[in-house]
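First up is the structure itself, then whatever we jot down about it.
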Amino acid sequence: MDEKSSLGMGHYLAVLRRHWKTVVAAMLIGLLLALAYLLTGGARVTASALVNVNVIVSDPFNPSRPASGLLDTATEGEIASSYVVASEASKEVPGGDSTADLRNNVDVKTGSDGTTALISYSSRTEARAVDGADAMANSYLAYRQDQADARRTAMRNQLEQQLAALNTALAAPGADRVTLTNRISNIESEINELNAIDTTGGTVITPAAESPVSTNYTRVLGSGLAGGLVAGVLLAFLSHAVRRRVNDGYDVEQAGTGPVLAELVSPEPTLPARGAELDAYRAVRERLFAGRGPVTALAVIDATSGRAFYPVAPNLSVVLAQAGFEVELVLMGTPPEEMELMTEALQLRFGANDGGAEVLTSESIPGLKVVQTVRGTDLDADDYVTDAVRRRFLARNRKDSSPVVVLALPADAPSASRMAAARLAGAAVLTVEGGRTRREEVELTATELTGVHAELLGTLLVRGGRRMPRKPRSAEQKARRRAPEPVASSSAAS
């Protein structure tokens with residue numbers, strides 16, 4: 001497996017493409033949850049009031065320092081959303097939202113100049129939102145004015161006490177009247193300046209009733225979709241990490257079993273193949289001959305789950321024979337019911353017994369012979385790749401024009417048999433069942449073939465759950481397969 005490819009962008013895109021249904025389902029669930037939240041009281045209407053904050057100074061028209069420099073925006077924001085302001089605001093809207101609601105659902109944003117503030121409030125209805133925003137704005141400005149009045153009063157009381165003490169001292173005999181008179185005059189000036197200070201907290205320049213209201217529908221629904229998207233992506237990668245089965249061509253290539261030669265997706269495969277599936281087998285034939293020299297032997301290793309019959313090796317043999325090759329399909333450990341199906345589909349007739357192998361000739365596919373070997377015993381070199389199979393390879397090597405031999409192994413063949421067949425043939429293809437074949441098994445098979453120096457030409461990916469209908473044969477048909485055809489007499493022929 002190419003470890004670098006698993007870290008590339010293509011890997012992530014392939015995972016999302018494969019699990020797109022999971023991502024879409026998670027997004028829909030997130031959208032439904034957001035909608036349920038809105039329907040169960042989560043819907044909110046937001047109204048805003050714009051206020052102009054008054055900078056309380058002794059000389060408001062002094063241009064030496066801008067008003068924005070005299071305000072701490074962070075402090076003003078905390079004051080506008082404080083409990084004291086919310087408590088007073090709740091008194092202005094009897095029967096409305098509580099103090100806790102007012103405080104928790106208010107949002108204060110100060111302007112860039114520092115002297116304006118946008119006080120927004122969210123509630124379940126537009127009327128409550130408007131009343132809450134106006135009440136919070138008015139309460140905030142009133143609180144600022146009350147604090148300024150309290151500070152002015154405290155300062156004036158201190159000055160008046162100082163003024164009373166100076167007047168008493170002035171009336172005493174021997175007092176320094178000039179000095180005391182000057183101090184009294186200064187204090188009186190300070191008192192006059194305090195009385196002239198404007199302690200107004202500010203003004204509401206745009207009440208909430210005159211401002212457009214907004215709802216949180218779009219925000220909540222968008223958050224639901226975004227949350228569902230994130231959850232779906234996480235689930236997609238988690239599912240990819242947990243699920244260890246081959247699903248598509250990307251998994252095949254990641255498992256290191258070469259390119260996908262064909263994807264066979266027909267729900268009911270046929271023998272011989274027809275239509276689009278026949279074209280797929282012919283394309284496999286051309287790919288096998290295009291990438292290397294002439295294929296003289298090929299091991300077809302069945303790495304499917306074994307739950308259904310996939311006639312990959314027979315159909316490959318058919319298209320090779322149709323291309324003008326003499327083909328021997330060697331079946332090792334084929335179940336009787338599958339053998340009966342192939343006998344009928346390919347019109348196989350008994351030819352001869354050849355040292356532990358039964359040779360059948362196809363009447364419908366010229367050049368195709370099927371060799372059925374008897375499964376060996378524990379004393380043989382291999383249960384599937386028996387001595388009869390090996391002798392056929394020794395015999396073909398001594399001939400000038402040998403047929404193409406296709407070795408077909410069943411799904412339950414052990415690793416040793418797969419390695420032996422691939423070593424004898426020198427080249428192999430895998431049959432993998434989408435959604436059922438485990439990736440670990442495919443990776444192990446590829447490693448084993450490399451170990452015996454067999455060339456893995458590629459993989460045929462078949463659709464999981466495909467089933468080829470099996471038709472029971474009559475006793476007469478079975479006897480016809482086992483016995484040679486009688487030779488017709490000349491009179492009968494005439």
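Labels used: A, B, ... for chains in the order of the structure tokens, numbers from 1 for residues in each chain, and numbers from 1 for ligands as shown.
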Practice prompt. Pick out each residue of segment 88-117 of chain A that DSSP on the backbone tags as helix (DSSP H, G or I); I need them as a list of chain:residue names.
Written response: A:Glu88, A:Ala89, A:Ser90, A:Lys91, A:Glu92, A:Thr99, A:Ala100, A:Asp101, A:Leu102, A:Arg103, A:Asn104
Fewer than 6 positions away in the same chain doesn't count, so skip those; otherwise give me all residues within 12 Å of segment 188-204 of chain A, counting only C-alpha atoms, as a CSV table (one decimal) with N, CA and C atoms, in the first residue's frame.
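Wrote it out as selection_34.csv, contents follow:
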chain,number,residue,atom,x,y,z
A,48,SER,N,-33.2,46.6,18.3
A,48,SER,CA,-32.0,47.3,18.8
A,48,SER,C,-32.4,48.8,18.9
A,49,ALA,N,-31.8,49.4,19.9
A,49,ALA,CA,-32.0,50.8,20.2
A,49,ALA,C,-30.6,51.5,20.1
A,50,LEU,N,-30.5,52.6,19.4
A,50,LEU,CA,-29.2,53.3,19.3
A,50,LEU,C,-29.2,54.5,20.2
A,51,VAL,N,-28.2,54.6,21.1
A,51,VAL,CA,-28.1,55.7,22.0
A,51,VAL,C,-26.9,56.5,21.8
A,52,ASN,N,-26.9,57.8,22.1
A,52,ASN,CA,-25.8,58.6,22.1
A,52,ASN,C,-25.4,58.9,23.6
A,53,VAL,N,-24.2,58.4,24.0
A,53,VAL,CA,-23.7,58.5,25.3
A,53,VAL,C,-23.1,59.9,25.6
A,54,ASN,N,-23.6,60.6,26.6
A,54,ASN,CA,-23.2,61.9,27.0
A,54,ASN,C,-21.9,61.8,27.8
A,55,VAL,N,-20.9,62.5,27.4
A,55,VAL,CA,-19.6,62.6,28.2
A,55,VAL,C,-19.8,63.7,29.2
A,56,ILE,N,-19.8,63.3,30.5
A,56,ILE,CA,-20.1,64.3,31.6
A,56,ILE,C,-18.7,64.9,32.0
A,57,VAL,N,-18.6,66.2,31.5
A,57,VAL,CA,-17.4,67.0,31.8
A,57,VAL,C,-17.8,68.4,32.2
A,58,SER,N,-16.9,69.1,32.9
A,58,SER,CA,-17.2,70.5,33.3
A,58,SER,C,-17.3,71.5,32.1
A,59,ASP,N,-16.5,71.2,31.1
A,59,ASP,CA,-16.5,72.0,29.9
A,59,ASP,C,-16.7,71.1,28.6
A,60,PRO,N,-17.9,70.8,28.3
A,60,PRO,CA,-18.1,69.9,27.1
A,60,PRO,C,-17.7,70.4,25.8
A,61,PHE,N,-17.4,71.7,25.7
A,61,PHE,CA,-17.0,72.3,24.4
A,61,PHE,C,-15.5,72.5,24.3
A,76,GLU,N,-18.4,50.8,29.8
A,76,GLU,CA,-19.8,51.2,29.5
A,76,GLU,C,-20.6,50.0,29.0
A,80,ALA,N,-24.0,48.7,30.8
A,80,ALA,CA,-25.3,48.6,30.0
A,80,ALA,C,-25.9,47.2,30.2
A,115,THR,N,-18.8,57.1,21.5
A,115,THR,CA,-19.9,57.8,22.1
A,115,THR,C,-21.3,57.3,21.7
A,116,THR,N,-21.4,56.3,20.9
A,116,THR,CA,-22.7,55.7,20.5
A,116,THR,C,-22.6,54.2,20.9
A,117,ALA,N,-23.8,53.7,21.2
A,117,ALA,CA,-23.9,52.3,21.6
A,117,ALA,C,-25.2,51.8,21.0
A,118,LEU,N,-25.1,50.5,20.5
A,118,LEU,CA,-26.2,49.8,20.0
A,118,LEU,C,-26.6,48.8,21.0
A,119,ILE,N,-27.8,48.9,21.6
A,119,ILE,CA,-28.3,48.0,22.6
A,119,ILE,C,-29.3,47.1,22.0
A,133,ALA,N,-35.5,46.2,24.5
A,133,ALA,CA,-34.4,47.0,24.0
A,133,ALA,C,-34.5,48.5,24.5
A,134,ASP,N,-35.7,49.0,24.3
A,134,ASP,CA,-36.0,50.4,24.8
A,134,ASP,C,-35.8,50.5,26.3
A,135,ALA,N,-36.3,49.6,27.0
A,135,ALA,CA,-36.2,49.6,28.5
A,135,ALA,C,-34.7,49.6,28.9
A,136,MET,N,-33.9,48.7,28.3
A,136,MET,CA,-32.5,48.6,28.7
A,136,MET,C,-31.8,49.9,28.3
A,137,ALA,N,-32.1,50.5,27.2
A,137,ALA,CA,-31.4,51.7,26.8
A,137,ALA,C,-31.8,52.8,27.7
A,138,ASN,N,-33.0,53.0,28.1
A,138,ASN,CA,-33.4,54.1,29.0
A,138,ASN,C,-32.9,53.9,30.4
A,139,SER,N,-32.9,52.6,30.8
A,139,SER,CA,-32.4,52.3,32.2
A,139,SER,C,-30.9,52.6,32.2
A,140,TYR,N,-30.2,52.2,31.2
A,140,TYR,CA,-28.7,52.5,31.1
A,140,TYR,C,-28.4,54.0,31.2
A,141,LEU,N,-29.1,54.8,30.4
A,141,LEU,CA,-28.9,56.2,30.4
A,141,LEU,C,-29.3,56.8,31.8
A,142,ALA,N,-30.4,56.3,32.3
A,142,ALA,CA,-30.8,56.8,33.6
A,142,ALA,C,-29.8,56.5,34.7
A,143,TYR,N,-29.2,55.3,34.6
A,143,TYR,CA,-28.2,54.9,35.6
A,143,TYR,C,-27.0,55.8,35.5
A,144,ARG,N,-26.5,56.1,34.3
A,144,ARG,CA,-25.4,57.0,34.1
A,144,ARG,C,-25.7,58.4,34.7
A,145,GLN,N,-26.9,58.9,34.5
A,145,GLN,CA,-27.3,60.2,35.1
A,145,GLN,C,-27.4,60.1,36.6
A,146,ASP,N,-27.9,59.1,37.2
A,146,ASP,CA,-28.0,59.0,38.6
A,146,ASP,C,-26.6,58.9,39.2
A,147,GLN,N,-25.7,58.2,38.6
A,147,GLN,CA,-24.3,58.2,39.1
A,147,GLN,C,-23.7,59.5,39.1
A,148,ALA,N,-23.9,60.2,38.0
A,148,ALA,CA,-23.3,61.6,37.8
A,148,ALA,C,-23.9,62.5,38.8
A,149,ASP,N,-25.2,62.5,39.0
A,149,ASP,CA,-25.8,63.4,40.0
A,149,ASP,C,-25.3,63.1,41.4
A,150,ALA,N,-25.1,61.8,41.7
A,150,ALA,CA,-24.7,61.4,43.1
A,150,ALA,C,-23.2,62.0,43.3
A,151,ARG,N,-22.4,61.8,42.3
A,151,ARG,CA,-21.0,62.3,42.4
A,151,ARG,C,-21.0,63.9,42.6
A,152,ARG,N,-21.9,64.6,41.8
A,152,ARG,CA,-21.9,66.0,41.8
A,152,ARG,C,-22.4,66.5,43.2
A,153,THR,N,-23.4,65.8,43.7
A,153,THR,CA,-23.9,66.2,45.0
A,153,THR,C,-22.9,66.0,46.1
A,154,ALA,N,-22.2,64.9,46.0
A,154,ALA,CA,-21.2,64.6,47.1
A,154,ALA,C,-20.1,65.7,47.0
A,155,MET,N,-19.6,66.1,45.8
A,155,MET,CA,-18.6,67.1,45.7
A,155,MET,C,-19.1,68.4,46.1
A,156,ARG,N,-20.4,68.7,45.8
A,156,ARG,CA,-20.9,70.0,46.2
A,156,ARG,C,-21.1,70.1,47.7
A,157,ASN,N,-21.5,69.0,48.4
A,157,ASN,CA,-21.6,69.0,49.8
A,157,ASN,C,-20.2,69.3,50.5
A,158,GLN,N,-19.2,68.7,49.9
A,158,GLN,CA,-17.9,68.9,50.5
A,158,GLN,C,-17.5,70.4,50.4
A,159,LEU,N,-17.8,71.0,49.2
A,159,LEU,CA,-17.4,72.4,49.0
A,159,LEU,C,-18.2,73.3,49.9
A,160,GLU,N,-19.5,73.0,50.1
A,160,GLU,CA,-20.3,73.8,50.9
A,160,GLU,C,-19.9,73.7,52.4
A,161,GLN,N,-19.4,72.6,52.8
A,161,GLN,CA,-18.9,72.5,54.2
A,161,GLN,C,-17.6,73.3,54.3
A,162,GLN,N,-16.8,73.3,53.3
A,162,GLN,CA,-15.6,74.1,53.3
A,162,GLN,C,-16.0,75.6,53.3
A,163,LEU,N,-17.0,76.0,52.6
A,163,LEU,CA,-17.4,77.3,52.5
A,163,LEU,C,-18.0,77.8,53.8
A,164,ALA,N,-18.7,77.0,54.5
A,164,ALA,CA,-19.2,77.3,55.8
A,164,ALA,C,-18.1,77.5,56.9
A,166,LEU,N,-15.1,78.5,56.2
A,166,LEU,CA,-14.4,79.7,55.9
A,166,LEU,C,-15.2,81.0,56.3
A,167,ASN,N,-16.5,80.9,56.2
A,167,ASN,CA,-17.3,82.0,56.6
A,167,ASN,C,-17.2,82.2,58.1
A,181,THR,N,-11.2,85.7,52.0
A,181,THR,CA,-12.1,86.1,51.0
A,181,THR,C,-11.8,85.5,49.7
A,182,ASN,N,-10.5,85.4,49.4
A,182,ASN,CA,-10.1,84.8,48.1
A,182,ASN,C,-10.5,83.3,48.0
A,210,GLU,N,-38.4,52.0,16.0
A,210,GLU,CA,-38.1,52.6,14.7
A,210,GLU,C,-37.0,51.9,14.0
A,211,SER,N,-36.4,50.9,14.6
A,211,SER,CA,-35.3,50.1,13.9
A,211,SER,C,-35.8,48.8,13.4
With a cut-off of 12 Å, could you pull out the residues of segment 301-372 of chain A touching segment 426-449 of chain A and give me the nearest pair of atoms for each, distance in Å to one decimal, using only C-alpha atoms, ordered by chain and ascending number, as CSV?
residue,atom,partner,partner_atom,distance
A:Ile301,CA,A:Leu430,CA,4.9
A:Asp302,CA,A:Thr431,CA,4.9
A:Ala303,CA,A:Val432,CA,5.2
A:Thr304,CA,A:Glu433,CA,4.9
A:Ser305,CA,A:Thr437,CA,5.9
A:Gly306,CA,A:Glu433,CA,9.2
A:Arg307,CA,A:Arg436,CA,9.6
A:Ala308,CA,A:Glu433,CA,9.9
A:Phe309,CA,A:Glu433,CA,11.0
A:Tyr310,CA,A:Thr431,CA,8.6
A:Pro311,CA,A:Thr431,CA,10.0
A:Val312,CA,A:Thr431,CA,7.5
A:Ala313,CA,A:Thr431,CA,9.1
A:Leu316,CA,A:Val429,CA,10.8
Worksheet item: Got a sec: who's within 10 Å of Ala413 of chain A, counting only C-alpha atoms, leaving out chain neighbours fewer than 2 positions off, as a list in words?
Response: Ile301, Asp302, Ala303, Met332, Gly333, Asp383, Tyr384, Val385, Leu409, Pro410, Ala411, Ser415, Ala416, Ser417 and Arg418 of chain A
Practice prompt. Run DSSP on the backbone and give me the residues of segment 394-464 of chain A it puts in strand (DSSP E), as a ChimeraX atom specification.
Written response: /A:404-409,427-433,455-462
Worksheet entry | Counting only C-alpha atoms, the option among A:Thr386, A:Ala420, A:Ala36, A:Gly351 closest to Leu221 of chain A |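 When distances to Leu221 of chain A are compared using only C-alpha atoms, the smallest one comes from A:Ala36.
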Practice prompt. Find the distance between atom CA of Ser87 of chain A and atom CA of Val106 of chain A and write it in Å to one decimal.
Written response: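 Between atom CA of Ser87 of chain A and atom CA of Val106 of chain A the gap is 12.8 Å.
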Worksheet item: How many Å lie between atom CA of Thr459 of chain A and atom CA of Val260 of chain A, rounded to one decimal?
Response: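 Answer for the atom CA of Thr459 of chain A to atom CA of Val260 of chain A separation: 4.9 Å.
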Fill in: Nearest candidate to Ala421 of chain A (options A:Leu264, A:Gly464, A:Val300, A:Leu16; using only C-alpha atoms)
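When distances to Ala421 of chain A are compared using only C-alpha atoms, the smallest one comes from A:Val300.
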Practice prompt. Calculate how many Å separate atom CA of Phe237 of chain A from atom CA of Leu13 of chain A, rounding to one decimal.
Written response: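 Between these atoms lies a distance of 10.7 Å.
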Worksheet entry | Contacts of Leu329 of chain A within 10 Å, only C-alpha atoms, excl. fewer than 6 positions in-chain, as a VMD selection string | chain A and resid 298 to 299 313 to 314 316 to 318 359 to 360 368 to 372 403 to 408
Worksheet item: Neighbours of His19 of chain A within 9 Å (only C-alpha atoms; same-chain residues fewer than 3 positions away dropped), as an MDAnalysis selection string?
Response: chainID A and resid 14:16 22:24 232:233 235:237 239:240
For the residues in that selection, give me C-alpha atoms as a PDB file, in the first residue's frame.
ATOM      1  CA  ALA A  14     -12.413   9.613  -1.869  1.00  0.00           C
ATOM      2  CA  VAL A  15     -13.601   8.960   1.690  1.00  0.00           C
ATOM      3  CA  LEU A  16     -16.166  11.777   1.502  1.00  0.00           C
ATOM      4  CA  THR A  22     -23.609   9.731   5.775  1.00  0.00           C
ATOM      5  CA  VAL A  23     -22.637  13.388   5.441  1.00  0.00           C
ATOM      6  CA  VAL A  24     -25.980  14.344   3.875  1.00  0.00           C
ATOM      7  CA  GLY A 232     -21.115  13.905   9.091  1.00  0.00           C
ATOM      8  CA  VAL A 233     -17.489  14.383   8.051  1.00  0.00           C
ATOM      9  CA  LEU A 235     -18.641   9.994  11.054  1.00  0.00           C
ATOM     10  CA  ALA A 236     -17.492   9.408   7.469  1.00  0.00           C
ATOM     11  CA  PHE A 237     -13.846   9.153   8.469  1.00  0.00           C
ATOM     12  CA  SER A 239     -16.701   4.702   9.449  1.00  0.00           C
ATOM     13  CA  HIS A 240     -13.841   4.485   6.957  1.00  0.00           C
TER      14      HIS A 240
END
